[in-house]
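Notes to accompany the following structure.
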Amino acid sequence: MTVLVLGGAGYIGSHMVDRLVEQGSDVAVVDNLVKGHRAAVRTEARFYQGDIRDKDFMRSIFTKEDIKSVVHFAAYSIVPESMEKPLDYFDNNTAGLINVLEVMNEFDVKRIVFSSTAATYGTPDSVPIKETDTQKPINPYGESKLMMEKIMRWTDQAYGIRFVALRYFNVAGAKADGSIGEDHGPETHLVPIVLQVANGQRDKLKIFGDDYDTPDGTNVRDYVHVVDLADAHILALKYLEDGNKSDVFNLGSATGFSNRQILEAARKATGKTIPAEDAPRRLGDPDTLVADSSKARTILGWQPQYDDIEKIIATAWKWHSTHPNGYNDK
Ligand code: UFG
């Protein structure tokens, strides 16, 4: 029986495939390679290039493979881009999921783990954020994912497709040996951008906004290591295989770091100066996002291995310093 990883050539998906293969699972990967990289996917996994919105293509995969569970990463995830192109997000993320669920239902596949996000909470009423807190997204990315969560609840009720929605906070880092990592084009995320400055590929970091309601005026985020995140998906698959009910879990570290603190941690992790300047706010950024992820720890038994931001950044630095042009350096 096979685990089907949708979006398995992306940043988080490729780390998931790596962990699944390492623990002996049989893995098939679907990715349209619009954002993903073929070289990021372990050769032990069977790879199919195509789009989750293409129903005939998806049917052909479910016909060829004996799929027991689906792990779904195939989505757009850039907050500022979603503000400019909301329909792309509702099409690829929300409508994409509908297609996946229709094909799963046709083929009687009843388990799915999928990527939700802290962005579904919008501006939180209080931190740390609990799963039961109000979800009021302030950008189309978060809205597209909240719609996906709601769709999942109704399809569970109607067709018995059980799901785990994992609400990620800010994901960073890379596999410890530096062989796979983050490679977005164009890059918009804080940690890889800071490291591109450290690498001399950018002149300086622009810190977006210095007048937020936070201790140093810059946004506060909760960083979780990509390998710890992948491990949470493996636990979620087991949770569903054990017959447990559908549920949602926050995945974060419970510690917030401001954008300035990330810059300082990166200076320490790399030993580089990393020039930076304050810049205007970016659209769609809430002040603070910090997770209460005790539910994942208690129910899934999740125990993140990386609890130190400098160590998380150091693994990302190992990847970026050896692959300044990402997978083009292969
Ligand atoms: N930032 C800068 N300068 C940059 C890039 C980012 O100051 O050059 C700031 C942003 O304004 C924000 C913080 O760094 O305050 C983090 O920004 P990222 O783009 O790295 O991450 P986001 O918090 O916007 O979003 C990420 C994921 C989303 C997820 C969200 C949940 O991309 O998918 O975390 O917290 F929903």
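Within each chain, counting starts at residue 1; across the structure tokens, chains are named A, B, ... in the order shown, with ligands numbered 1 upward in that order.
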
Legend entry - At most 8 Å from ligand 1 (only C-alpha atoms and all ligand atoms): residue list as a VMD selection string: chain A and resid 77 to 80 116 to 120 141 to 142 168 to 171 188 to 191 193 to 194 205 to 209 218 to 222 258 to 259 279 281 to 282 284 to 287 289

Find the spatial neighbours of Arg53 in chain A, counting only C-alpha atoms, within a cut-off of 12 Å - ignore same-chain residues fewer than 5 positions away - and output them as a PDB file with N, CA, C and O atoms, in the first residue's frame.
ATOM      1  N   LEU A   6       0.959  14.636  -2.585  1.00  0.00           N
ATOM      2  CA  LEU A   6       0.650  15.657  -3.592  1.00  0.00           C
ATOM      3  C   LEU A   6       1.496  16.892  -3.285  1.00  0.00           C
ATOM      4  O   LEU A   6       1.501  17.366  -2.148  1.00  0.00           O
ATOM      5  N   VAL A  30       2.967  13.261  -6.699  1.00  0.00           N
ATOM      6  CA  VAL A  30       2.401  14.051  -7.805  1.00  0.00           C
ATOM      7  C   VAL A  30       2.842  15.490  -7.602  1.00  0.00           C
ATOM      8  O   VAL A  30       2.748  16.030  -6.496  1.00  0.00           O
ATOM      9  N   ASP A  31       3.331  16.110  -8.662  1.00  0.00           N
ATOM     10  CA  ASP A  31       3.688  17.537  -8.592  1.00  0.00           C
ATOM     11  C   ASP A  31       3.649  18.082 -10.018  1.00  0.00           C
ATOM     12  O   ASP A  31       4.092  17.413 -10.953  1.00  0.00           O
ATOM     13  N   ASN A  32       3.117  19.299 -10.165  1.00  0.00           N
ATOM     14  CA  ASN A  32       3.099  19.873 -11.521  1.00  0.00           C
ATOM     15  C   ASN A  32       4.388  20.622 -11.840  1.00  0.00           C
ATOM     16  O   ASN A  32       4.565  21.120 -12.958  1.00  0.00           O
ATOM     17  N   MET A  58      -5.450  12.636 -12.410  1.00  0.00           N
ATOM     18  CA  MET A  58      -5.522  12.115 -11.042  1.00  0.00           C
ATOM     19  C   MET A  58      -6.117  10.708 -11.026  1.00  0.00           C
ATOM     20  O   MET A  58      -5.650   9.825 -10.294  1.00  0.00           O
ATOM     21  N   ARG A  59      -7.146  10.499 -11.853  1.00  0.00           N
ATOM     22  CA  ARG A  59      -7.732   9.135 -11.928  1.00  0.00           C
ATOM     23  C   ARG A  59      -6.674   8.130 -12.382  1.00  0.00           C
ATOM     24  O   ARG A  59      -6.635   6.997 -11.894  1.00  0.00           O
ATOM     25  N   ALA A  74       0.029  20.249  -2.180  1.00  0.00           N
ATOM     26  CA  ALA A  74       0.055  20.944  -3.477  1.00  0.00           C
ATOM     27  C   ALA A  74      -0.814  22.196  -3.432  1.00  0.00           C
ATOM     28  O   ALA A  74      -1.996  22.151  -3.738  1.00  0.00           O
ATOM     29  N   ALA A  75      -0.213  23.303  -3.003  1.00  0.00           N
ATOM     30  CA  ALA A  75      -0.979  24.546  -2.884  1.00  0.00           C
ATOM     31  C   ALA A  75      -0.044  25.736  -2.989  1.00  0.00           C
ATOM     32  O   ALA A  75       1.160  25.607  -2.762  1.00  0.00           O
ATOM     33  N   PHE A  90      -7.829  30.602  -4.758  1.00  0.00           N
ATOM     34  CA  PHE A  90      -9.085  29.839  -4.615  1.00  0.00           C
ATOM     35  C   PHE A  90      -9.142  28.707  -5.646  1.00  0.00           C
ATOM     36  O   PHE A  90      -9.699  27.644  -5.375  1.00  0.00           O
ATOM     37  N   ASP A  91      -8.541  28.938  -6.804  1.00  0.00           N
ATOM     38  CA  ASP A  91      -8.553  27.905  -7.842  1.00  0.00           C
ATOM     39  C   ASP A  91      -7.603  26.756  -7.477  1.00  0.00           C
ATOM     40  O   ASP A  91      -8.011  25.600  -7.347  1.00  0.00           O
ATOM     41  N   ASN A  92      -6.335  27.092  -7.269  1.00  0.00           N
ATOM     42  CA  ASN A  92      -5.349  26.035  -7.035  1.00  0.00           C
ATOM     43  C   ASN A  92      -5.565  25.349  -5.674  1.00  0.00           C
ATOM     44  O   ASN A  92      -5.542  24.120  -5.577  1.00  0.00           O
ATOM     45  N   ASN A  93      -5.795  26.138  -4.635  1.00  0.00           N
ATOM     46  CA  ASN A  93      -5.888  25.548  -3.294  1.00  0.00           C
ATOM     47  C   ASN A  93      -7.276  24.951  -3.052  1.00  0.00           C
ATOM     48  O   ASN A  93      -7.407  23.761  -2.778  1.00  0.00           O
ATOM     49  N   THR A  94      -8.305  25.790  -3.147  1.00  0.00           N
ATOM     50  CA  THR A  94      -9.639  25.338  -2.736  1.00  0.00           C
ATOM     51  C   THR A  94     -10.241  24.403  -3.789  1.00  0.00           C
ATOM     52  O   THR A  94     -10.633  23.274  -3.472  1.00  0.00           O
ATOM     53  N   ALA A  95     -10.292  24.865  -5.048  1.00  0.00           N
ATOM     54  CA  ALA A  95     -10.874  24.010  -6.093  1.00  0.00           C
ATOM     55  C   ALA A  95     -10.003  22.766  -6.297  1.00  0.00           C
ATOM     56  O   ALA A  95     -10.513  21.675  -6.572  1.00  0.00           O
ATOM     57  N   GLY A  96      -8.691  22.922  -6.139  1.00  0.00           N
ATOM     58  CA  GLY A  96      -7.785  21.770  -6.260  1.00  0.00           C
ATOM     59  C   GLY A  96      -8.151  20.679  -5.272  1.00  0.00           C
ATOM     60  O   GLY A  96      -8.190  19.495  -5.612  1.00  0.00           O
ATOM     61  N   LEU A  97      -8.459  21.075  -4.050  1.00  0.00           N
ATOM     62  CA  LEU A  97      -8.826  20.087  -3.024  1.00  0.00           C
ATOM     63  C   LEU A  97     -10.123  19.366  -3.397  1.00  0.00           C
ATOM     64  O   LEU A  97     -10.253  18.151  -3.197  1.00  0.00           O
ATOM     65  N   ILE A  98     -11.078  20.106  -3.941  1.00  0.00           N
ATOM     66  CA  ILE A  98     -12.356  19.475  -4.318  1.00  0.00           C
ATOM     67  C   ILE A  98     -12.093  18.344  -5.309  1.00  0.00           C
ATOM     68  O   ILE A  98     -12.623  17.233  -5.186  1.00  0.00           O
ATOM     69  N   ASN A  99     -11.222  18.614  -6.283  1.00  0.00           N
ATOM     70  CA  ASN A  99     -10.891  17.588  -7.267  1.00  0.00           C
ATOM     71  C   ASN A  99     -10.242  16.365  -6.608  1.00  0.00           C
ATOM     72  O   ASN A  99     -10.600  15.222  -6.906  1.00  0.00           O
ATOM     73  N   VAL A 100      -9.309  16.635  -5.706  1.00  0.00           N
ATOM     74  CA  VAL A 100      -8.621  15.538  -5.008  1.00  0.00           C
ATOM     75  C   VAL A 100      -9.650  14.691  -4.255  1.00  0.00           C
ATOM     76  O   VAL A 100      -9.643  13.449  -4.333  1.00  0.00           O
ATOM     77  N   LEU A 101     -10.572  15.346  -3.556  1.00  0.00           N
ATOM     78  CA  LEU A 101     -11.560  14.614  -2.751  1.00  0.00           C
ATOM     79  C   LEU A 101     -12.520  13.818  -3.634  1.00  0.00           C
ATOM     80  O   LEU A 101     -12.912  12.698  -3.288  1.00  0.00           O
ATOM     81  N   GLU A 102     -12.901  14.393  -4.777  1.00  0.00           N
ATOM     82  CA  GLU A 102     -13.800  13.661  -5.679  1.00  0.00           C
ATOM     83  C   GLU A 102     -13.142  12.372  -6.149  1.00  0.00           C
ATOM     84  O   GLU A 102     -13.765  11.302  -6.157  1.00  0.00           O
ATOM     85  N   VAL A 103     -11.859  12.470  -6.518  1.00  0.00           N
ATOM     86  CA  VAL A 103     -11.171  11.272  -7.018  1.00  0.00           C
ATOM     87  C   VAL A 103     -10.943  10.280  -5.864  1.00  0.00           C
ATOM     88  O   VAL A 103     -11.137   9.072  -6.023  1.00  0.00           O
TER      89      VAL A 103
END

Inset, instruction - Please provide the set of residues having any atom within 9 Å of Lys311 in chain A, restricted to only C-alpha atoms, with same-chain residues fewer than 5 positions apart removed, written as number ranges by chain. - result: A: 173, 269, 306, 316

Inset, instruction - Just give me the gap between CA of Val224 in chain A and CA of Gly8 in chain A in Å, one decimal is fine. - result: 18.9 Å

Inset, instruction - Mind checking which residues fall within 10 Å of Asp177 in chain A, counting only C-alpha atoms, ignoring those fewer than 4 positions away in the same chain, and posting them as a PyMOL selection string? - result: chain A and resi 181+315+318-319

Emit the selected residues as a PDB file, in the first residue's frame, including all heavy atoms.
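New file again04.pdb:
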ATOM      1  N   GLY A 181      16.341  21.461   0.512  1.00  0.00           N
ATOM      2  CA  GLY A 181      16.065  22.689   1.249  1.00  0.00           C
ATOM      3  C   GLY A 181      15.040  23.542   0.532  1.00  0.00           C
ATOM      4  O   GLY A 181      14.311  23.052  -0.326  1.00  0.00           O
ATOM      5  N   THR A 315      20.670  24.981   9.956  1.00  0.00           N
ATOM      6  CA  THR A 315      20.412  23.931   8.949  1.00  0.00           C
ATOM      7  C   THR A 315      20.043  24.576   7.608  1.00  0.00           C
ATOM      8  O   THR A 315      20.446  24.091   6.548  1.00  0.00           O
ATOM      9  CB  THR A 315      19.293  22.959   9.380  1.00  0.00           C
ATOM     10  OG1 THR A 315      18.053  23.664   9.497  1.00  0.00           O
ATOM     11  CG2 THR A 315      19.618  22.262  10.685  1.00  0.00           C
ATOM     12  N   LYS A 318      23.208  25.711   5.955  1.00  0.00           N
ATOM     13  CA  LYS A 318      23.964  24.613   5.330  1.00  0.00           C
ATOM     14  C   LYS A 318      23.462  24.395   3.894  1.00  0.00           C
ATOM     15  O   LYS A 318      24.241  24.221   2.966  1.00  0.00           O
ATOM     16  CB  LYS A 318      23.813  23.337   6.159  1.00  0.00           C
ATOM     17  CG  LYS A 318      24.555  22.163   5.586  1.00  0.00           C
ATOM     18  CD  LYS A 318      25.110  21.263   6.649  1.00  0.00           C
ATOM     19  CE  LYS A 318      26.057  20.256   6.037  1.00  0.00           C
ATOM     20  NZ  LYS A 318      26.535  19.291   6.988  1.00  0.00           N
ATOM     21  N   TRP A 319      22.151  24.430   3.711  1.00  0.00           N
ATOM     22  CA  TRP A 319      21.564  24.271   2.373  1.00  0.00           C
ATOM     23  C   TRP A 319      21.896  25.480   1.497  1.00  0.00           C
ATOM     24  O   TRP A 319      22.408  25.335   0.390  1.00  0.00           O
ATOM     25  CB  TRP A 319      20.054  24.073   2.498  1.00  0.00           C
ATOM     26  CG  TRP A 319      19.277  24.406   1.259  1.00  0.00           C
ATOM     27  CD1 TRP A 319      18.525  25.517   1.045  1.00  0.00           C
ATOM     28  CD2 TRP A 319      19.190  23.634   0.041  1.00  0.00           C
ATOM     29  NE1 TRP A 319      17.968  25.494  -0.206  1.00  0.00           N
ATOM     30  CE2 TRP A 319      18.363  24.348  -0.845  1.00  0.00           C
ATOM     31  CE3 TRP A 319      19.732  22.420  -0.382  1.00  0.00           C
ATOM     32  CZ2 TRP A 319      18.055  23.904  -2.134  1.00  0.00           C
ATOM     33  CZ3 TRP A 319      19.427  21.962  -1.671  1.00  0.00           C
ATOM     34  CH2 TRP A 319      18.605  22.694  -2.519  1.00  0.00           C
TER      35      TRP A 319
END

Inset, instruction - Check the DSSP output for the backbone and give back, as an MDAnalysis selection string, the residues of range 163-281 of chain A in strand (DSSP E or B). - result: chainID A and resid 163:168 170:172 205:208 220:225 247:251 256:258 276:279

Could you take the residues named above and write them with C-alpha atoms, as a short mmCIF file (atom, residue, chain, number, x, y, z; two decimals), in the first residue's frame?
data_model
loop_
_atom_site.label_atom_id
_atom_site.label_comp_id
_atom_site.auth_asym_id
_atom_site.auth_seq_id
_atom_site.Cartn_x
_atom_site.Cartn_y
_atom_site.Cartn_z
CA PHE A 163 -8.74 14.11 7.62
CA VAL A 164 -6.10 15.73 9.74
CA ALA A 165 -5.57 19.43 9.06
CA LEU A 166 -2.19 20.65 10.28
CA ARG A 167 -2.09 24.39 10.83
CA TYR A 168 1.53 25.31 10.29
CA ASN A 170 6.35 29.58 10.06
CA VAL A 171 8.36 26.74 8.59
CA ALA A 172 12.14 27.05 8.25
CA LEU A 205 17.40 42.73 4.26
CA LYS A 206 14.34 44.98 4.24
CA ILE A 207 12.38 44.59 7.48
CA PHE A 208 8.75 45.21 6.59
CA VAL A 220 6.54 38.18 15.71
CA ARG A 221 6.34 34.66 14.25
CA ASP A 222 6.66 31.11 15.55
CA TYR A 223 9.24 29.02 13.68
CA VAL A 224 9.08 25.26 13.30
CA HIS A 225 11.74 23.09 11.64
CA ASP A 247 -9.14 16.67 13.76
CA VAL A 248 -7.02 19.82 13.45
CA PHE A 249 -3.68 20.58 15.11
CA ASN A 250 -1.45 23.62 15.38
CA LEU A 251 2.22 23.01 14.60
CA GLY A 256 7.73 33.85 19.11
CA PHE A 257 10.66 35.60 17.45
CA SER A 258 10.48 39.09 16.02
CA ALA A 276 19.38 45.42 7.09
CA GLU A 277 17.08 48.45 6.93
CA ASP A 278 13.53 49.26 7.99
CA ALA A 279 10.97 49.35 5.19
#

Inset, instruction - Just give me the gap between CA of Val5 in chain A and CA of Gly185 in chain A in Å, one decimal is fine. - result: 21.7 Å

Legend entry - helix (DSSP H, G or I) per DSSP on the backbone: members of range 100-242 of chain A, as a PyMOL selection string: chain A and resi 100-106+118-120+140-159+190-198+226-241

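Counting only C-alpha atoms, the residue from A:Val127, A:Ile112, A:Met16, A:Leu235 that sits nearest to Glu149 in chain A is A:Ile112.
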
Inset, instruction - Enter the distance from CA of Gly200 in chain A to CA of Lys35 in chain A, in Å, rounded to one decimal. - result: 24.0 Å

Legend entry - Exercise: range 13-15 of chain A partners within 10 Å, only C-alpha atoms, chain neighbours under 2 positions left out, as number ranges by chain: A: 5-11, 17-21, 29, 31, 36-42, 71-74, 115, 174-175, 180-182, 226-231

Selection near Pro124 in chain A, 8 Å with only C-alpha atoms, sequence-local residues under 6 positions removed, as a compact mmCIF listing (two decimals) with all heavy atoms, in the first residue's frame:
# COMPACT_ATOMS: atom_id res chain seq x y z
N ASP A 133 -9.61 28.74 18.75
CA ASP A 133 -9.74 30.19 18.62
C ASP A 133 -10.43 30.56 17.30
O ASP A 133 -10.45 29.76 16.35
CB ASP A 133 -8.37 30.87 18.73
CG ASP A 133 -7.84 30.84 20.16
OD1 ASP A 133 -8.58 30.38 21.05
OD2 ASP A 133 -6.69 31.25 20.38
N THR A 134 -10.93 31.79 17.29
CA THR A 134 -11.67 32.27 16.10
C THR A 134 -10.78 32.26 14.86
O THR A 134 -9.63 32.68 14.92
CB THR A 134 -12.12 33.73 16.34
OG1 THR A 134 -12.69 33.79 17.63
CG2 THR A 134 -13.11 34.18 15.29
N THR A 288 1.33 39.42 15.40
CA THR A 288 1.98 38.30 16.11
C THR A 288 1.24 37.00 15.80
O THR A 288 0.01 36.96 15.83
CB THR A 288 1.89 38.54 17.64
OG1 THR A 288 2.55 39.76 17.94
CG2 THR A 288 2.54 37.42 18.42
N LEU A 289 2.00 35.95 15.48
CA LEU A 289 1.41 34.61 15.34
C LEU A 289 2.28 33.64 16.13
O LEU A 289 3.44 33.41 15.77
CB LEU A 289 1.38 34.18 13.86
CG LEU A 289 0.41 34.90 12.94
CD1 LEU A 289 0.64 34.49 11.48
CD2 LEU A 289 -1.03 34.61 13.33

Inset, instruction - Rank nothing, just name the residue among A:Asn199, A:Thr270, A:Gln305, A:Ser294 nearest to His323 in chain A, using only C-alpha atoms. - result: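 For His323 in chain A, the nearest of the candidates is A:Asn199.
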
Legend entry - Near-Tyr239 in chain A list (12 Å; only C-alpha atoms; drop same-chain fewer than 5 positions) as a count of residues only: 20

Legend entry - Of the listed residues A:Arg202, A:Arg267, A:Lys110, A:Lys150, that which approaches Lys68 in chain A most closely, counting only C-alpha atoms: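 The closest residue to Lys68 in chain A is A:Lys110.
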